[in-house]
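Participant: My file is data12.pdb. It has PDB, C-alpha atoms, pLDDT in the B column:
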```
ATOM      1  CA  MET A   1     -85.854-218.886-128.092  1.00 44.00           C
ATOM      2  CA  CYS A   2     -89.513-217.926-128.412  1.00 45.00           C
ATOM      3  CA  LYS A   3     -90.611-214.735-126.717  1.00 51.00           C
ATOM      4  CA  LYS A   4     -92.735-215.450-123.667  1.00 58.00           C
ATOM      5  CA  ARG A   5     -96.268-214.213-124.116  1.00 72.00           C
ATOM      6  CA  GLU A   6     -97.572-211.735-121.591  1.00 80.00           C
ATOM      7  CA  GLU A   7    -100.402-212.878-119.372  1.00 85.00           C
ATOM      8  CA  ILE A   8    -103.857-211.624-120.330  1.00 86.00           C
ATOM      9  CA  THR A   9    -105.357-209.558-117.522  1.00 83.00           C
ATOM     10  CA  SER A  10    -108.717-207.961-116.797  1.00 84.00           C
ATOM     11  CA  ILE A  11    -107.197-204.486-117.028  1.00 81.00           C
ATOM     12  CA  GLU A  12    -107.354-204.740-120.830  1.00 83.00           C
ATOM     13  CA  PHE A  13    -111.148-204.963-120.721  1.00 86.00           C
ATOM     14  CA  ASP A  14    -114.055-203.095-119.152  1.00 81.00           C
ATOM     15  CA  GLY A  15    -114.868-205.262-116.178  1.00 83.00           C
ATOM     16  CA  ASN A  16    -116.274-208.161-118.230  1.00 90.00           C
ATOM     17  CA  PHE A  17    -113.156-210.369-118.460  1.00 92.00           C
ATOM     18  CA  ILE A  18    -113.455-213.886-117.029  1.00 92.00           C
ATOM     19  CA  LYS A  19    -110.317-215.786-118.086  1.00 92.00           C
ATOM     20  CA  GLU A  20    -108.111-216.805-121.008  1.00 91.00           C
ATOM     21  CA  ASP A  21    -109.734-219.613-122.977  1.00 91.00           C
ATOM     22  CA  THR A  22    -108.450-222.530-125.050  1.00 89.00           C
ATOM     23  CA  PRO A  23    -106.726-221.244-128.201  1.00 89.00           C
ATOM     24  CA  THR A  24    -108.139-222.016-131.636  1.00 89.00           C
ATOM     25  CA  TYR A  25    -106.310-222.830-134.848  1.00 85.00           C
ATOM     26  CA  ARG A  26    -106.995-221.509-138.330  1.00 81.00           C
ATOM     27  CA  GLY A  27    -104.583-223.487-140.493  1.00 80.00           C
ATOM     28  CA  ASN A  28    -101.142-222.690-139.094  1.00 81.00           C
ATOM     29  CA  ARG A  29    -102.392-219.652-137.255  1.00 84.00           C
ATOM     30  CA  ARG A  30    -103.025-219.983-133.537  1.00 86.00           C
ATOM     31  CA  ASP A  31    -105.402-217.418-132.014  1.00 90.00           C
ATOM     32  CA  ARG A  32    -105.458-216.651-128.302  1.00 91.00           C
ATOM     33  CA  MET A  33    -109.007-216.611-126.997  1.00 93.00           C
ATOM     34  CA  VAL A  34    -110.651-214.948-124.015  1.00 94.00           C
ATOM     35  CA  ARG A  35    -113.863-215.665-122.179  1.00 94.00           C
ATOM     36  CA  LEU A  36    -115.955-212.539-121.557  1.00 94.00           C
ATOM     37  CA  ARG A  37    -119.335-211.692-120.065  1.00 93.00           C
ATOM     38  CA  CYS A  38    -121.770-209.628-122.133  1.00 93.00           C
ATOM     39  CA  ILE A  39    -122.663-206.493-120.147  1.00 90.00           C
ATOM     40  CA  VAL A  40    -126.125-206.398-121.750  1.00 91.00           C
ATOM     41  CA  CYS A  41    -127.508-209.952-121.512  1.00 92.00           C
ATOM     42  CA  GLU A  42    -124.803-211.248-119.100  1.00 91.00           C
ATOM     43  CA  SER A  43    -124.206-214.389-121.162  1.00 94.00           C
ATOM     44  CA  VAL A  44    -120.682-215.816-121.298  1.00 94.00           C
ATOM     45  CA  PHE A  45    -119.000-215.902-124.717  1.00 95.00           C
ATOM     46  CA  THR A  46    -115.579-216.504-126.251  1.00 94.00           C
ATOM     47  CA  ALA A  47    -113.777-214.023-128.498  1.00 94.00           C
ATOM     48  CA  VAL A  48    -110.419-213.658-130.255  1.00 93.00           C
ATOM     49  CA  TYR A  49    -108.168-211.866-127.773  1.00 92.00           C
ATOM     50  CA  ALA A  50    -106.524-209.477-130.262  1.00 90.00           C
ATOM     51  CA  ASN A  51    -109.851-208.252-131.621  1.00 91.00           C
ATOM     52  CA  ALA A  52    -111.585-208.081-128.237  1.00 91.00           C
ATOM     53  CA  LYS A  53    -108.715-206.089-126.727  1.00 89.00           C
ATOM     54  CA  ARG A  54    -108.552-203.688-129.675  1.00 89.00           C
ATOM     55  CA  ILE A  55    -112.190-202.614-129.352  1.00 88.00           C
ATOM     56  CA  ARG A  56    -112.557-203.379-125.617  1.00 89.00           C
ATOM     57  CA  GLN A  57    -115.406-205.737-126.527  1.00 91.00           C
ATOM     58  CA  LYS A  58    -118.405-205.494-124.204  1.00 91.00           C
ATOM     59  CA  THR A  59    -121.197-207.410-125.912  1.00 93.00           C
ATOM     60  CA  CYS A  60    -121.676-210.900-127.332  1.00 93.00           C
ATOM     61  CA  SER A  61    -123.511-209.969-130.524  1.00 93.00           C
ATOM     62  CA  ASN A  62    -124.554-207.134-132.813  1.00 92.00           C
ATOM     63  CA  GLN A  63    -127.991-207.260-131.236  1.00 93.00           C
ATOM     64  CA  CYS A  64    -126.637-206.627-127.732  1.00 92.00           C
ATOM     65  CA  GLY A  65    -124.249-204.038-129.177  1.00 90.00           C
ATOM     66  CA  GLY A  66    -127.225-202.159-130.603  1.00 89.00           C
ATOM     67  CA  ILE A  67    -129.014-202.269-127.260  1.00 88.00           C
ATOM     68  CA  LEU A  68    -125.926-200.865-125.513  1.00 85.00           C
ATOM     69  CA  THR A  69    -125.625-198.078-128.084  1.00 82.00           C
ATOM     70  CA  ARG A  70    -129.266-197.104-127.655  1.00 78.00           C
ATOM     71  CA  ARG A  71    -128.898-197.080-123.871  1.00 74.00           C
ATOM     72  CA  ASN A  72    -125.958-194.702-123.984  1.00 71.00           C
ATOM     73  CA  THR A  73    -127.106-192.490-126.865  1.00 67.00           C
ATOM     74  CA  ALA A  74    -129.445-190.478-124.632  1.00 61.00           C
ATOM     75  CA  TYR A  75    -126.555-189.564-122.342  1.00 61.00           C
ATOM     76  CA  ARG A  76    -123.803-188.544-124.709  1.00 62.00           C
ATOM     77  CA  ALA A  77    -121.587-185.635-123.781  1.00 57.00           C
ATOM     78  CA  ASP A  78    -123.673-183.187-125.795  1.00 57.00           C
ATOM     79  CA  THR A  79    -126.810-184.027-123.782  1.00 72.00           C
ATOM     80  CA  HIS A  80    -125.497-184.735-120.266  1.00 81.00           C
ATOM     81  CA  PRO A  81    -122.144-183.409-118.976  1.00 83.00           C
ATOM     82  CA  LEU A  82    -121.751-186.342-116.585  1.00 88.00           C
ATOM     83  CA  TYR A  83    -121.241-188.702-119.520  1.00 87.00           C
ATOM     84  CA  THR A  84    -117.730-187.332-120.056  1.00 87.00           C
ATOM     85  CA  VAL A  85    -117.040-187.558-116.300  1.00 90.00           C
ATOM     86  CA  TRP A  86    -118.078-191.227-116.323  1.00 92.00           C
ATOM     87  CA  ALA A  87    -116.017-191.981-119.452  1.00 90.00           C
ATOM     88  CA  SER A  88    -112.989-190.149-118.043  1.00 91.00           C
ATOM     89  CA  LEU A  89    -112.912-191.931-114.678  1.00 93.00           C
ATOM     90  CA  ARG A  90    -113.261-195.306-116.414  1.00 93.00           C
ATOM     91  CA  ASP A  91    -110.418-194.480-118.798  1.00 93.00           C
ATOM     92  CA  ARG A  92    -107.950-193.427-116.101  1.00 92.00           C
ATOM     93  CA  CYS A  93    -108.742-196.595-114.135  1.00 94.00           C
ATOM     94  CA  ASN A  94    -108.663-199.034-117.080  1.00 92.00           C
ATOM     95  CA  ASN A  95    -106.369-197.595-119.726  1.00 92.00           C
ATOM     96  CA  PRO A  96    -102.584-197.839-119.072  1.00 90.00           C
ATOM     97  CA  ASN A  97    -102.018-195.274-121.842  1.00 89.00           C
ATOM     98  CA  ASN A  98    -103.921-192.611-119.909  1.00 90.00           C
ATOM     99  CA  GLY A  99    -101.502-190.089-118.368  1.00 89.00           C
ATOM    100  CA  ARG A 100    -103.319-190.302-115.016  1.00 87.00           C
ATOM    101  CA  TYR A 101    -103.381-194.100-114.933  1.00 91.00           C
ATOM    102  CA  PRO A 102    -100.483-194.408-112.405  1.00 89.00           C
ATOM    103  CA  ARG A 103    -102.551-192.433-109.868  1.00 86.00           C
ATOM    104  CA  TYR A 104    -105.646-194.557-110.411  1.00 90.00           C
ATOM    105  CA  GLY A 105    -105.646-197.959-112.126  1.00 93.00           C
ATOM    106  CA  GLY A 106    -101.909-198.284-111.577  1.00 92.00           C
ATOM    107  CA  ARG A 107    -102.376-198.318-107.809  1.00 88.00           C
ATOM    108  CA  GLY A 108    -105.473-200.486-107.762  1.00 93.00           C
ATOM    109  CA  ILE A 109    -108.277-197.929-108.078  1.00 93.00           C
ATOM    110  CA  LYS A 110    -111.119-199.580-109.998  1.00 94.00           C
ATOM    111  CA  VAL A 111    -114.621-198.752-111.198  1.00 95.00           C
ATOM    112  CA  ALA A 112    -117.289-201.072-109.790  1.00 94.00           C
ATOM    113  CA  GLU A 113    -119.018-203.364-112.299  1.00 91.00           C
ATOM    114  CA  TYR A 114    -122.288-201.753-111.208  1.00 90.00           C
ATOM    115  CA  PHE A 115    -121.171-198.627-113.102  1.00 92.00           C
ATOM    116  CA  ASP A 116    -120.428-200.388-116.409  1.00 89.00           C
ATOM    117  CA  LEU A 117    -123.437-198.592-117.892  1.00 87.00           C
ATOM    118  CA  PHE A 118    -123.722-194.841-117.715  1.00 87.00           C
ATOM    119  CA  ASP A 119    -127.409-194.875-116.794  1.00 85.00           C
ATOM    120  CA  ASP A 120    -126.614-196.925-113.653  1.00 89.00           C
ATOM    121  CA  PHE A 121    -123.853-194.465-112.727  1.00 92.00           C
ATOM    122  CA  LEU A 122    -126.161-191.481-113.260  1.00 90.00           C
ATOM    123  CA  LYS A 123    -128.998-193.116-111.345  1.00 90.00           C
ATOM    124  CA  TYR A 124    -126.761-193.604-108.294  1.00 94.00           C
ATOM    125  CA  VAL A 125    -124.841-190.310-108.150  1.00 94.00           C
ATOM    126  CA  SER A 126    -128.051-188.312-108.697  1.00 92.00           C
ATOM    127  CA  THR A 127    -129.335-189.613-105.322  1.00 94.00           C
ATOM    128  CA  LEU A 128    -126.317-188.318-103.366  1.00 93.00           C
ATOM    129  CA  LYS A 129    -126.433-185.110-101.346  1.00 91.00           C
ATOM    130  CA  GLN A 130    -125.480-181.877-103.129  1.00 90.00           C
ATOM    131  CA  TYR A 131    -126.087-183.387-106.593  1.00 91.00           C
ATOM    132  CA  PRO A 132    -125.409-180.256-108.681  1.00 90.00           C
ATOM    133  CA  TYR A 133    -127.520-180.890-111.787  1.00 87.00           C
ATOM    134  CA  THR A 134    -131.071-179.953-112.732  1.00 85.00           C
ATOM    135  CA  ASN A 135    -131.765-182.038-115.821  1.00 75.00           C
ATOM    136  CA  ILE A 136    -128.508-181.357-117.748  1.00 74.00           C
ATOM    137  CA  THR A 137    -127.759-177.915-116.283  1.00 80.00           C
ATOM    138  CA  LYS A 138    -125.096-177.765-113.593  1.00 82.00           C
ATOM    139  CA  ASN A 139    -126.196-175.458-110.779  1.00 83.00           C
ATOM    140  CA  SER A 140    -122.770-175.140-109.163  1.00 78.00           C
ATOM    141  CA  GLN A 141    -119.466-175.214-111.012  1.00 78.00           C
ATOM    142  CA  THR A 142    -117.556-175.776-107.760  1.00 80.00           C
ATOM    143  CA  ILE A 143    -119.227-179.125-106.928  1.00 87.00           C
ATOM    144  CA  SER A 144    -117.734-182.356-108.329  1.00 88.00           C
ATOM    145  CA  ILE A 145    -117.731-186.103-107.677  1.00 91.00           C
ATOM    146  CA  ASP A 146    -115.197-187.335-105.122  1.00 88.00           C
ATOM    147  CA  ARG A 147    -114.126-190.611-103.509  1.00 90.00           C
ATOM    148  CA  ILE A 148    -114.528-190.555 -99.730  1.00 86.00           C
ATOM    149  CA  ASN A 149    -111.704-193.031 -99.173  1.00 86.00           C
ATOM    150  CA  THR A 150    -109.045-192.314-101.779  1.00 82.00           C
ATOM    151  CA  ASP A 151    -107.584-195.800-101.405  1.00 85.00           C
ATOM    152  CA  LYS A 152    -110.860-197.333-102.609  1.00 91.00           C
ATOM    153  CA  GLY A 153    -112.386-197.190-106.057  1.00 93.00           C
ATOM    154  CA  TYR A 154    -115.468-195.715-107.670  1.00 95.00           C
ATOM    155  CA  GLU A 155    -118.063-197.842-105.921  1.00 95.00           C
ATOM    156  CA  VAL A 156    -121.383-197.572-104.126  1.00 95.00           C
ATOM    157  CA  GLY A 157    -120.871-196.028-100.687  1.00 95.00           C
ATOM    158  CA  ASN A 158    -117.552-194.381-101.549  1.00 93.00           C
ATOM    159  CA  LEU A 159    -118.778-191.470-103.685  1.00 94.00           C
ATOM    160  CA  ARG A 160    -119.981-188.003-102.714  1.00 90.00           C
ATOM    161  CA  TRP A 161    -120.463-184.529-104.141  1.00 91.00           C
ATOM    162  CA  VAL A 162    -118.105-181.940-102.629  1.00 85.00           C
ATOM    163  CA  ASP A 163    -116.756-178.485-103.418  1.00 79.00           C
ATOM    164  CA  ASP A 164    -113.359-178.062-105.067  1.00 73.00           C
ATOM    165  CA  SER A 165    -111.626-177.184-101.778  1.00 68.00           C
ATOM    166  CA  THR A 166    -112.747-180.414-100.105  1.00 68.00           C
ATOM    167  CA  GLN A 167    -111.788-182.509-103.116  1.00 63.00           C
ATOM    168  CA  ALA A 168    -108.330-180.949-103.290  1.00 63.00           C
ATOM    169  CA  ALA A 169    -107.879-181.548 -99.557  1.00 57.00           C
ATOM    170  CA  ASN A 170    -108.787-185.213 -99.972  1.00 59.00           C
ATOM    171  CA  LYS A 171    -105.973-185.975-102.410  1.00 62.00           C
ATOM    172  CA  THR A 172    -103.347-188.463-101.225  1.00 54.00           C
ATOM    173  CA  TRP A 173    -101.069-188.622-104.261  1.00 51.00           C
ATOM    174  CA  LYS A 174     -97.470-187.509-103.831  1.00 55.00           C
ATOM    175  CA  LYS A 175     -94.971-187.007-106.607  1.00 55.00           C
ATOM    176  CA  PRO A 176     -92.481-189.915-106.805  1.00 56.00           C
ATOM    177  CA  ASN A 177     -89.468-187.637-106.299  1.00 57.00           C
ATOM    178  CA  SER A 178     -90.928-185.617-103.433  1.00 60.00           C
ATOM    179  CA  SER A 179     -88.460-184.684-100.686  1.00 70.00           C
ATOM    180  CA  SER A 180     -90.807-186.084 -98.022  1.00 74.00           C
ATOM    181  CA  LYS A 181     -93.016-189.137 -97.821  1.00 77.00           C
ATOM    182  CA  TYR A 182     -95.660-187.042 -96.046  1.00 79.00           C
ATOM    183  CA  ILE A 183     -98.365-184.987 -97.717  1.00 76.00           C
ATOM    184  CA  GLY A 184     -97.952-181.222 -97.303  1.00 76.00           C
ATOM    185  CA  VAL A 185     -94.335-181.451 -96.141  1.00 83.00           C
ATOM    186  CA  ILE A 186     -91.271-180.516 -98.200  1.00 82.00           C
ATOM    187  CA  PHE A 187     -87.567-179.959 -97.603  1.00 86.00           C
ATOM    188  CA  CYS A 188     -86.203-176.567 -98.678  1.00 85.00           C
ATOM    189  CA  THR A 189     -82.723-177.280-100.066  1.00 84.00           C
ATOM    190  CA  THR A 190     -81.833-173.572-100.126  1.00 85.00           C
ATOM    191  CA  ASN A 191     -82.387-172.944 -96.411  1.00 82.00           C
ATOM    192  CA  LYS A 192     -81.925-176.565 -95.312  1.00 87.00           C
ATOM    193  CA  ALA A 193     -85.245-176.601 -93.498  1.00 88.00           C
ATOM    194  CA  TRP A 194     -88.451-178.637 -93.378  1.00 89.00           C
ATOM    195  CA  ILE A 195     -91.646-176.791 -94.233  1.00 86.00           C
ATOM    196  CA  SER A 196     -95.262-177.823 -93.822  1.00 83.00           C
ATOM    197  CA  LYS A 197     -98.158-175.985 -95.466  1.00 81.00           C
ATOM    198  CA  LEU A 198    -101.867-176.449 -96.009  1.00 77.00           C
ATOM    199  CA  GLN A 199    -104.256-174.849 -98.475  1.00 75.00           C
ATOM    200  CA  TRP A 200    -107.911-174.391 -97.628  1.00 70.00           C
ATOM    201  CA  LYS A 201    -110.536-172.349 -99.484  1.00 68.00           C
ATOM    202  CA  GLY A 202    -107.951-170.396-101.455  1.00 68.00           C
ATOM    203  CA  LYS A 203    -105.713-169.530 -98.493  1.00 77.00           C
ATOM    204  CA  ILE A 204    -102.290-171.064 -97.818  1.00 78.00           C
ATOM    205  CA  HIS A 205    -101.428-171.673 -94.151  1.00 79.00           C
ATOM    206  CA  SER A 206     -97.719-171.952 -93.292  1.00 82.00           C
ATOM    207  CA  LEU A 207     -97.572-174.298 -90.311  1.00 79.00           C
ATOM    208  CA  TYR A 208     -93.928-175.136 -89.677  1.00 84.00           C
ATOM    209  CA  TYR A 209     -90.407-174.049 -90.602  1.00 86.00           C
ATOM    210  CA  GLY A 210     -87.538-175.870 -88.920  1.00 87.00           C
ATOM    211  CA  HIS A 211     -85.117-178.777 -88.863  1.00 85.00           C
ATOM    212  CA  SER A 212     -87.422-181.672 -88.042  1.00 87.00           C
ATOM    213  CA  GLU A 213     -89.539-183.508 -90.586  1.00 86.00           C
ATOM    214  CA  GLU A 214     -91.503-185.176 -87.775  1.00 88.00           C
ATOM    215  CA  GLU A 215     -92.349-181.830 -86.155  1.00 88.00           C
ATOM    216  CA  ALA A 216     -93.463-180.483 -89.528  1.00 84.00           C
ATOM    217  CA  VAL A 217     -95.817-183.439 -89.911  1.00 82.00           C
ATOM    218  CA  THR A 218     -97.129-183.053 -86.356  1.00 88.00           C
ATOM    219  CA  ALA A 219     -97.821-179.342 -86.853  1.00 85.00           C
ATOM    220  CA  ARG A 220     -99.875-180.056 -89.954  1.00 82.00           C
ATOM    221  CA  ARG A 221    -101.827-182.886 -88.325  1.00 82.00           C
ATOM    222  CA  ASN A 222    -102.602-180.789 -85.240  1.00 86.00           C
ATOM    223  CA  PHE A 223    -103.892-177.954 -87.417  1.00 82.00           C
ATOM    224  CA  ILE A 224    -106.160-180.352 -89.340  1.00 76.00           C
ATOM    225  CA  LYS A 225    -107.571-181.812 -86.115  1.00 81.00           C
ATOM    226  CA  LYS A 226    -108.017-178.409 -84.438  1.00 81.00           C
ATOM    227  CA  TYR A 227    -110.161-177.021 -87.251  1.00 73.00           C
ATOM    228  CA  ASN A 228    -111.737-180.359 -88.244  1.00 76.00           C
ATOM    229  CA  LEU A 229    -110.515-180.090 -91.841  1.00 72.00           C
ATOM    230  CA  PRO A 230    -110.966-182.814 -94.472  1.00 69.00           C
ATOM    231  CA  HIS A 231    -107.295-182.924 -95.453  1.00 67.00           C
ATOM    232  CA  GLN A 232    -105.286-186.121 -95.598  1.00 66.00           C
ATOM    233  CA  CYS A 233    -102.419-186.304 -93.105  1.00 59.00           C
TER     234      CYS A 233
END
```
Can you turn what I pasted into structure tokens?
Facilitator:
Amino acid sequence: MCKKREEITSIEFDGNFIKEDTPTYRGNRRDRMVRLRCIVCESVFTAVYANAKRIRQKTCSNQCGGILTRRNTAYRADTHPLYTVWASLRDRCNNPNNGRYPRYGGRGIKVAEYFDLFDDFLKYVSTLKQYPYTNITKNSQTISIDRINTDKGYEVGNLRWVDDSTQAANKTWKKPNSSSKYIGVIFCTTNKAWISKLQWKGKIHSLYYGHSEEEAVTARRNFIKKYNLPHQC
């Protein structure tokens, strides 16, 4: 029995995948083909799937490849620190081999096509409030890019610059084997009690210690609402 081939998906490319195309034959060899869109000239072209996947092909020709290289050269990591930020967020959303992929691409977090080029990403985030860079010098080490709605991707309207405390408070990810399905709530197996805590600006607030998971959740939510904190409930 022949092994069933896995379906080709857009996750193997950088936002320019259209669909699987008609295969081609070279003698007895049958090549799977994919239809892609060039991110430079936006023309549609067909490429051998194995090769295109290996290099995450973005352009239709050497000419467009040269244009893309020249566009990005001015913003490499050694000239603008945000280049590595841009490359990192794209990798954790698109690359299943990235250790953080389950928290991002694995749960549907994507990078908008508008940010396929670094200069477009830089142009947008530099207009947001609290942008921490003057030329390539970062004025505040505690300010970083954050998604407003953590269930949405890196897209226009969902990005902001915040301090580290706000970004940490905005996280929604829970470990798979957590004792509670709620953020900030755990079950202490030693004392057989539910505990809810919250960290804000370097200080840990203990909010509940008792026998009810629901009360622990309520105590945390009430504290967040009372002090108008950015934490996820």
Participant: If we count all atoms listed in the file, what is near Asn51 of chain A at a cut-off of 12 Å, once residues fewer than 2 positions away on the same chain are taken out, given as an NGL selection string?
Facilitator: :A and (12-13 or 31-34 or 46-49 or 53-58)
Participant: Just say which residues the PyMOL selection byres ((chain A and resi 196) around 9) picks in this file, as a VMD selection string.
Facilitator: chain A and resid 183 to 187 194 to 195 197 to 198 205 to 209 213 216 to 217 219 to 220
Participant: With distances taken over only C-alpha atoms, which residue among A:Ile204, A:Ile11, A:Ala193, A:Ile136 lies nearest Asp91 of chain A?
Facilitator: A:Ile11
Participant: Take the PyMOL selection byres ((chain A and resi 119) around 10), apply it to the structure above, and return the hits as a PyMOL selection string.
Facilitator: chain A and resi 71-72+74-75+83+115-118+120-124
Participant: Return the single residue from A:Ser10, A:Asn97, A:Asn228, A:Thr218 that is closest to Trp200 of chain A, with distances computed using all atoms listed in the file.
Facilitator: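 Among the listed residues, A:Asn228 lies closest to Trp200 of chain A.
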Participant: Report the distance between atom CA of Asn135 of chain A and atom CA of Cys64 of chain A in Å, rounded to one decimal place.
Facilitator: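 Atom CA of Cys64 of chain A lies at a distance of 27.8 Å from atom CA of Asn135 of chain A.
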Participant: Would you work out the distance separating atom CA of Cys188 of chain A from atom CA of Gly210 of chain A, expressed in Å to one decimal?
Facilitator: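 So the two atoms, atom CA of Cys188 of chain A and atom CA of Gly210 of chain A, lie 9.9 Å apart.
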Participant: In Å, how far is it from atom CA of Gln130 of chain A to atom CA of Thr84 of chain A?
Facilitator: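 For atom CA of Gln130 of chain A relative to atom CA of Thr84 of chain A, the distance reads 19.4 Å.
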Participant: Which one is closest to Trp86 of chain A: A:Ser144, A:Asn16, A:Asn222, A:Thr127? Count all atoms listed in the file.
Facilitator: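 Closest to Trp86 of chain A, using all atoms listed in the file: A:Ser144.
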Participant: Expanded to explicit residues, what is the PyMOL selection byres ((chain A and resi 157) around 10) for this file, as a PDB file with C-alpha atoms, keeping the file's coordinate frame?
Facilitator:
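Written output follows (result-v7.pdb):
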```pdb
ATOM      1  CA  TYR A 124    -126.761-193.604-108.294  1.00 94.00           C
ATOM      2  CA  LEU A 128    -126.317-188.318-103.366  1.00 93.00           C
ATOM      3  CA  ARG A 147    -114.126-190.611-103.509  1.00 90.00           C
ATOM      4  CA  ILE A 148    -114.528-190.555 -99.730  1.00 86.00           C
ATOM      5  CA  ASN A 149    -111.704-193.031 -99.173  1.00 86.00           C
ATOM      6  CA  TYR A 154    -115.468-195.715-107.670  1.00 95.00           C
ATOM      7  CA  GLU A 155    -118.063-197.842-105.921  1.00 95.00           C
ATOM      8  CA  VAL A 156    -121.383-197.572-104.126  1.00 95.00           C
ATOM      9  CA  ASN A 158    -117.552-194.381-101.549  1.00 93.00           C
ATOM     10  CA  LEU A 159    -118.778-191.470-103.685  1.00 94.00           C
ATOM     11  CA  ARG A 160    -119.981-188.003-102.714  1.00 90.00           C
TER      12      ARG A 160
END
```
Participant: Have a look at A:Leu82, A:Val44, A:Ile8, A:Ile39 and name the one nearest to Tyr114 of chain A; count all atoms listed in the file.
Facilitator: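 Distance minimum relative to Tyr114 of chain A lands on A:Ile39.
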Participant: From the list A:Thr24, A:Thr9, A:Thr190, A:Ser126, which residue is nearest Lys138 of chain A when using only C-alpha atoms?
Facilitator: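 For Lys138 of chain A, the nearest of the candidates is A:Ser126.
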Participant: Which centre and which edge lengths, in Å to one decimal, describe the axis-aligned box that holds all listed atoms of segment 138-145 of chain A after 6 Å is added on each side, as AutoDock Vina command-line options?
Facilitator:
```
--center_x -121.9 --center_y -180.6 --center_z -110.3 --size_x 20.6 --size_y 23.0 --size_z 18.7
```
Participant: Find the residue from A:Ile224, A:Val40, A:Tyr25, A:His80 that sits nearest to Thr134 of chain A; use all atoms listed in the file when measuring.
Facilitator: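 Nearest to Thr134 of chain A: A:His80.
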